[in-house]
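With compact mmCIF, C-alpha atoms inside, this is model38.txt:
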```txt
# COMPACT_ATOMS: atom_id res chain seq x y z
CA MET A 21 100.68 96.40 53.44
CA VAL A 22 101.37 93.96 56.26
CA LYS A 23 104.39 94.91 58.35
CA SER A 24 105.88 92.46 60.79
CA VAL A 25 108.98 92.62 62.97
CA THR A 26 109.40 88.85 62.77
CA SER A 27 109.59 88.52 58.96
CA VAL A 28 112.98 88.29 57.23
CA GLY A 29 112.56 90.73 54.38
CA ARG A 30 111.14 94.22 54.58
CA SER A 31 108.22 93.28 52.36
CA GLY A 32 106.32 90.30 51.01
CA LEU A 33 108.04 90.77 47.67
CA HIS A 34 111.44 90.76 49.37
CA ASP A 35 110.52 87.52 51.21
CA TRP A 36 109.25 86.03 47.95
CA MET A 37 112.58 86.68 46.22
CA ILE A 38 114.70 85.35 49.13
CA GLN A 39 112.49 82.22 49.24
CA ARG A 40 113.14 81.50 45.53
CA VAL A 41 116.89 82.15 45.58
CA SER A 42 117.42 80.07 48.75
CA ALA A 43 115.27 77.28 47.27
CA VAL A 44 117.45 77.07 44.16
CA ILE A 45 120.65 76.96 46.25
CA LEU A 46 119.20 74.25 48.54
CA ALA A 47 118.00 72.15 45.59
CA ALA A 48 121.40 72.45 43.87
CA TYR A 49 123.20 71.45 47.09
CA SER A 50 120.87 68.49 47.75
CA ILE A 51 121.34 67.22 44.20
CA TYR A 52 125.13 67.70 44.39
CA ILE A 53 125.48 65.74 47.65
CA GLY A 54 122.95 63.13 46.44
CA VAL A 55 124.84 62.54 43.19
CA PHE A 56 128.15 62.38 45.09
CA VAL A 57 126.88 59.73 47.51
CA LEU A 58 125.16 57.73 44.74
CA SER A 59 128.25 57.79 42.52
CA THR A 60 130.50 56.69 45.41
CA PRO A 61 129.24 53.22 46.36
CA ASP A 62 132.21 52.51 48.62
CA LEU A 63 132.15 55.65 50.71
CA HIS A 64 135.12 55.74 53.09
CA PHE A 65 135.96 58.22 55.81
CA SER A 66 138.90 59.68 53.87
CA VAL A 67 136.73 60.33 50.80
CA TRP A 68 133.97 61.87 52.91
CA GLN A 69 136.32 64.08 54.91
CA GLY A 70 138.23 64.94 51.72
CA LEU A 71 135.02 66.22 50.15
CA PHE A 72 134.28 68.60 53.01
CA ALA A 73 137.94 69.62 53.35
CA GLN A 74 137.73 71.51 50.05
CA THR A 75 137.17 75.24 50.43
CA GLU A 76 134.55 75.32 47.63
CA ILE A 77 132.49 72.62 49.34
CA LYS A 78 132.80 74.35 52.72
CA ILE A 79 131.47 77.56 51.14
CA PHE A 80 128.76 75.70 49.19
CA SER A 81 127.73 73.90 52.40
CA PHE A 82 127.67 77.11 54.40
CA LEU A 83 125.63 78.85 51.68
CA ALA A 84 123.20 75.91 51.85
CA ILE A 85 122.83 76.24 55.65
CA LEU A 86 122.42 80.01 55.31
CA SER A 87 119.77 79.44 52.62
CA LEU A 88 118.09 76.88 54.85
CA CYS A 89 117.85 79.46 57.65
CA PHE A 90 116.24 82.10 55.44
CA HIS A 91 114.05 79.52 53.69
CA ALA A 92 112.77 77.94 56.92
CA TRP A 93 112.33 81.32 58.60
CA ILE A 94 110.10 82.57 55.76
CA GLY A 95 108.27 79.25 55.27
CA LEU A 96 107.52 78.72 58.94
CA TRP A 97 106.60 82.40 59.33
CA ILE A 98 103.94 81.98 56.61
CA ILE A 99 102.68 78.77 58.21
CA SER A 100 102.49 80.43 61.64
CA THR A 101 100.41 83.33 60.29
CA ASP A 102 97.98 80.81 58.77
CA TYR A 103 97.52 78.42 61.68
CA LEU A 104 98.53 80.17 64.91
CA ASN A 105 95.78 82.68 65.48
CA ILE A 106 96.71 83.68 69.03
CA LEU A 107 99.18 86.56 68.85
CA ALA A 108 101.32 85.57 71.86
CA LEU A 109 101.59 81.96 70.68
CA ARG A 110 102.51 83.04 67.15
CA LEU A 111 105.20 85.44 68.37
CA VAL A 112 106.76 82.83 70.66
CA PHE A 113 106.76 80.32 67.78
CA GLN A 114 108.36 82.82 65.39
CA VAL A 115 111.05 83.82 67.89
CA VAL A 116 111.87 80.15 68.64
CA VAL A 117 112.21 79.50 64.88
CA ILE A 118 114.53 82.49 64.46
CA ILE A 119 116.73 81.42 67.40
CA LEU A 120 116.89 77.83 66.05
CA CYS A 121 117.88 79.12 62.59
CA LEU A 122 120.72 81.20 64.05
CA ALA A 123 121.83 78.24 66.18
CA PHE A 124 121.87 75.93 63.11
CA LEU A 125 123.95 78.51 61.25
CA LEU A 126 126.56 78.77 64.01
CA TRP A 127 126.63 75.01 64.56
CA GLY A 128 127.07 74.47 60.81
CA ALA A 129 129.96 76.94 60.66
CA GLN A 130 131.66 75.19 63.56
CA ILE A 131 131.23 71.76 61.92
CA LEU A 132 132.56 72.96 58.56
CA TRP A 133 135.58 74.84 59.85
CA GLY A 134 136.19 72.90 63.06
CA PHE A 135 137.29 69.46 61.89
CA MET B 2 84.41 69.63 58.38
CA ALA B 3 83.58 66.07 57.29
CA ALA B 4 81.78 67.48 54.26
CA PHE B 5 84.89 69.38 53.19
CA LYS B 6 86.39 67.95 50.04
CA TRP B 7 90.15 67.88 49.55
CA PRO B 8 90.96 68.73 45.93
CA ILE B 9 94.24 67.29 44.62
CA THR B 10 95.76 70.79 44.52
CA ALA B 11 95.07 71.22 48.25
CA ILE B 12 96.66 67.85 49.05
CA SER B 13 99.84 68.61 47.09
CA SER B 14 100.03 72.05 48.72
CA ILE B 15 99.55 70.83 52.30
CA LEU B 16 102.13 68.07 51.70
CA HIS B 17 104.59 70.77 50.61
CA ARG B 18 104.01 72.48 53.98
CA VAL B 19 104.08 69.31 56.07
CA THR B 20 107.32 68.08 54.44
CA GLY B 21 108.83 71.54 54.96
CA VAL B 22 108.12 71.42 58.71
CA LEU B 23 109.43 67.83 58.92
CA LEU B 24 112.65 68.83 57.13
CA PHE B 25 113.18 71.70 59.57
CA LEU B 26 112.78 69.27 62.48
CA ALA B 27 115.30 66.93 60.78
CA VAL B 28 118.02 69.61 60.61
CA PRO B 29 119.54 68.98 64.10
CA PHE B 30 119.66 65.24 63.35
CA CYS B 31 121.42 65.90 60.02
CA LEU B 32 123.91 68.38 61.52
CA TRP B 33 124.73 65.97 64.36
CA THR B 34 125.31 63.18 61.83
CA LEU B 35 127.54 65.40 59.70
CA GLU B 36 129.54 66.48 62.76
CA ARG B 37 130.10 62.89 63.98
CA SER B 38 130.95 61.62 60.49
CA LEU B 39 133.57 64.33 59.87
CA ASN B 40 135.23 64.45 63.29
CA SER B 41 137.01 61.10 63.26
CA GLU B 42 137.11 57.73 61.54
CA ALA B 43 135.54 56.19 64.66
CA GLY B 44 132.70 58.70 64.46
CA PHE B 45 132.24 57.98 60.75
CA LEU B 46 132.00 54.24 61.40
CA GLN B 47 129.64 54.86 64.33
CA VAL B 48 127.32 56.87 62.06
CA LYS B 49 127.57 54.20 59.35
CA SER B 50 126.61 51.36 61.70
CA MET B 51 123.91 53.51 63.32
CA LEU B 52 122.34 54.24 59.92
CA SER B 53 122.23 50.54 59.04
CA GLY B 54 119.62 49.81 61.73
CA ASP B 55 116.02 49.29 60.57
CA CYS B 56 114.61 52.20 62.55
CA ALA B 57 117.34 54.59 61.35
CA LYS B 58 116.86 53.38 57.78
CA PHE B 59 113.17 54.19 58.01
CA ILE B 60 113.88 57.67 59.42
CA THR B 61 116.49 58.31 56.69
CA TRP B 62 114.05 57.13 54.03
CA PHE B 63 111.30 59.33 55.48
CA ILE B 64 113.55 62.44 55.58
CA LEU B 65 114.92 61.89 52.04
CA SER B 66 111.43 61.20 50.65
CA SER B 67 110.18 64.42 52.27
CA LEU B 68 113.13 66.26 50.74
CA THR B 69 112.52 64.95 47.21
CA TYR B 70 108.79 65.72 47.47
CA HIS B 71 109.52 69.21 48.78
CA ILE B 72 111.96 69.88 45.90
CA ILE B 73 109.52 68.55 43.25
CA ALA B 74 106.65 70.64 44.67
CA GLY B 75 109.04 73.62 44.79
CA CYS B 76 109.81 73.18 41.08
CA LYS B 77 106.06 73.37 40.40
CA HIS B 78 106.00 76.66 42.32
CA LEU B 79 108.89 78.06 40.26
CA LEU B 80 107.15 77.00 37.02
CA MET B 81 103.99 78.77 38.19
CA ASP B 82 106.08 81.88 38.89
CA VAL B 83 107.01 81.99 35.19
CA GLY B 84 103.39 81.41 34.19
CA ILE B 85 103.30 77.66 33.58
CA GLY B 86 100.48 75.66 35.19
CA GLU B 87 98.45 78.59 36.46
CA SER B 88 95.06 77.60 35.02
CA LEU B 89 92.76 75.25 36.96
CA GLU B 90 93.18 72.31 34.55
CA SER B 91 96.96 72.55 34.28
CA GLY B 92 97.18 73.16 38.05
CA VAL B 93 95.30 69.92 38.75
CA LEU B 94 97.51 68.07 36.27
CA ALA B 95 100.69 69.56 37.80
CA SER B 96 99.54 68.59 41.32
CA LYS B 97 98.91 65.00 40.18
CA LEU B 98 102.33 64.93 38.52
CA VAL B 99 104.03 66.25 41.68
CA ILE B 100 102.40 63.56 43.84
CA ILE B 101 103.17 60.77 41.34
CA LEU B 102 106.81 61.87 40.97
CA GLY B 103 107.08 62.20 44.76
CA ILE B 104 105.81 58.62 45.25
CA LEU B 105 108.16 57.30 42.52
CA ALA B 106 111.11 59.06 44.19
CA ALA B 107 110.11 57.61 47.58
CA VAL B 108 109.95 54.10 46.09
CA GLY B 109 113.33 54.59 44.42
CA LEU B 110 114.86 55.80 47.69
CA GLY B 111 113.37 52.79 49.48
CA VAL B 112 114.99 50.41 47.00
CA TRP B 113 118.32 52.22 47.38
CA ILE B 114 118.24 52.24 51.20
CA TRP B 115 117.09 48.61 51.74
```
Using the file provided, produce a representation of the structure as structure tokens.
Amino acid sequence: MVKSVTSVGRSGLHDWMIQRVSAVILAAYSIYIGVFVLSTPDLHFSVWQGLFAQTEIKIFSFLAILSLCFHAWIGLWIISTDYLNILALRLVFQVVVIILCLAFLLWGAQILWGF
Amino acid sequence: MAAFKWPITAISSILHRVTGVLLFLAVPFCLWTLERSLNSEAGFLQVKSMLSGDCAKFITWFILSSLTYHIIAGCKHLLMDVGIGESLESGVLASKLVIILGILAAVGLGVWIW
């Protein structure tokens, strides 16, 4: 079995499950926001801010960003093992992806609870 | 390499990967836009006028089209997980369907944005 310190889950099966669950959350969130924007032709600031002021939407949004981090981490990890065949290059790429994911997560939290 | 043929299943699969990478690169842009649009009315209007430019419209269209393709191709993956579309014939058909639906969604998004 392949073991890697840069993968999210402890096994391929674990990664596989996280990838599916995060995908469903991300798809649901995308569709929710898409339907909201499409069904609100005259989108004003107060409506927009009002949407994200609700606790449920803050949590849904944060779950989506969290899912995005796991999803991108696993997806880009798989891509890096397929195309980056130099070990040092692959490790640097994977670490940069992980740092970016954590940064997106913190930035997202600040946006959602900071306004 | 020139002799290598790209079957439809390979094209739909590589597009799933390419759109995934593009969407990851789009995340900072999306977060910045969300931050500006929520912070103040002035920021919201700034984002609104920024997104009405031709270049920004194209970028928005490109990101949203990538997103819809990625979701459609992801649904195909989930169906294959439960055993639908695993044979060669149904896999080819599913790949064609994914690409056709992806193009239709991109056209629809284009009409909506412009």
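Nearest to Leu120 of chain A of all the residues B:Ile73, B:Leu26, B:Arg37, B:Ser14 is B:Leu26, based on all atoms listed in the file.
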Contact check, chain A to chain B, at most 6 Å, counting all atoms listed in the file, closest pairs as a Markdown table:
```
| residue | atom | partner | partner_atom | distance |
| --- | --- | --- | --- | --- |
| A:Phe65 | CA | B:Glu42 | CA | 5.9 |
| A:Gln69 | CA | B:Leu39 | CA | 5.7 |
| A:Ile131 | CA | B:Glu36 | CA | 5.6 |
| A:Phe135 | CA | B:Asn40 | CA | 5.6 |
```
**Residues within 9 Å of segment 43-53 of chain A, all atoms listed in the file, excluding chain neighbours under 5 positions, as number ranges by chain** = A: 38, 58, 80-81, 83-85, 87-88, 91; B: 68, 72, 75
**Prompt:** Hey, can you check how far atom CA of Thr61 of chain B sits from atom CA of Cys31 of chain B?
**Reply:**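 About the pair atom CA of Thr61 of chain B and atom CA of Cys31 of chain B: they are 9.6 Å apart.
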**Message:** Here is a test: counting all atoms listed in the file, which residue of B:Ala11, B:Ile60, B:Met81, B:Gln47 is nearest to Lys97 of chain B?
**Reply:**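 Selected residue with least distance to Lys97 of chain B: B:Ala11.
Distances to Gly86 of chain B were evaluated for B:Val99, B:Leu23, B:Ala57, B:Ser50 using all atoms listed in the file, and the minimum falls at B:Val99.
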To test the calculation: enclose all listed atoms of segment 68-87 of chain A in a box whose edges run along x, y and z, add 6 Å on each side, then state centre and edge lengths in Å to one decimal, as lines of an AutoDock Vina configuration file.
```
center_x = 129.0
center_y = 70.9
center_z = 51.6
size_x = 30.5
size_y = 30.1
size_z = 20.0
```
**Message:** Would you compute the distance between atom CA of Asn105 of chain A and atom CA of Trp93 of chain A? Give it in Å to one decimal.
**Reply:**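 So the answer is 18.0 Å.
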**Request:** Report the distance between atom CA of Ile77 of chain A and atom CA of Leu126 of chain A in Å, rounded to one decimal place.
**Result:** 17.0 Å
**Request:** Around the point (113.5, 56.8, 47.9), in the coordinates given by the file, pick out the residues reaching within 10 Å, counting only C-alpha atoms, and return them as a PyMOL selection string.
**Result:** chain B and resi 61-69+103-115
Using C-alpha atoms, can you write the selected residues to a file as an mmCIF file, in the coordinates of the input?
```cif
data_model
loop_
_atom_site.group_PDB
_atom_site.id
_atom_site.type_symbol
_atom_site.label_atom_id
_atom_site.label_comp_id
_atom_site.auth_asym_id
_atom_site.auth_seq_id
_atom_site.Cartn_x
_atom_site.Cartn_y
_atom_site.Cartn_z
ATOM 1 C CA THR B 61 116.490 58.310 56.690
ATOM 2 C CA TRP B 62 114.050 57.130 54.030
ATOM 3 C CA PHE B 63 111.300 59.330 55.480
ATOM 4 C CA ILE B 64 113.550 62.440 55.580
ATOM 5 C CA LEU B 65 114.920 61.890 52.040
ATOM 6 C CA SER B 66 111.430 61.200 50.650
ATOM 7 C CA SER B 67 110.180 64.420 52.270
ATOM 8 C CA LEU B 68 113.130 66.260 50.740
ATOM 9 C CA THR B 69 112.520 64.950 47.210
ATOM 10 C CA GLY B 103 107.080 62.200 44.760
ATOM 11 C CA ILE B 104 105.810 58.620 45.250
ATOM 12 C CA LEU B 105 108.160 57.300 42.520
ATOM 13 C CA ALA B 106 111.110 59.060 44.190
ATOM 14 C CA ALA B 107 110.110 57.610 47.580
ATOM 15 C CA VAL B 108 109.950 54.100 46.090
ATOM 16 C CA GLY B 109 113.330 54.590 44.420
ATOM 17 C CA LEU B 110 114.860 55.800 47.690
ATOM 18 C CA GLY B 111 113.370 52.790 49.480
ATOM 19 C CA VAL B 112 114.990 50.410 47.000
ATOM 20 C CA TRP B 113 118.320 52.220 47.380
ATOM 21 C CA ILE B 114 118.240 52.240 51.200
ATOM 22 C CA TRP B 115 117.090 48.610 51.740
#
```
**Item:** Selection near Tyr103 of chain A, 12 Å with only C-alpha atoms, sequence-local residues under 6 positions removed, as a ChimeraX atom specification
**Value:** /A:96-97,109-110,113 /B:18
**Message:** Here's a test: counting only C-alpha atoms, identify every protein, DNA and RNA residue with an atom at most 7 Å from (120.2, 80.4, 59.9) in the file's coordinate frame, and state them as number ranges by chain.
**Reply:** A: 85-86, 88-90, 121-125
**Message:** Which residues are near Ile100 of chain B? Cut-off 10 Å, all atoms listed in the file, ignore same chain within fewer than 6 positions. Put them as a list of chain:residue names.
**Reply:** B:Ile9, B:Thr10, B:Ile12, B:Ser13, B:Leu16, B:Tyr70, B:Ile73, B:Ala74, B:Ala106
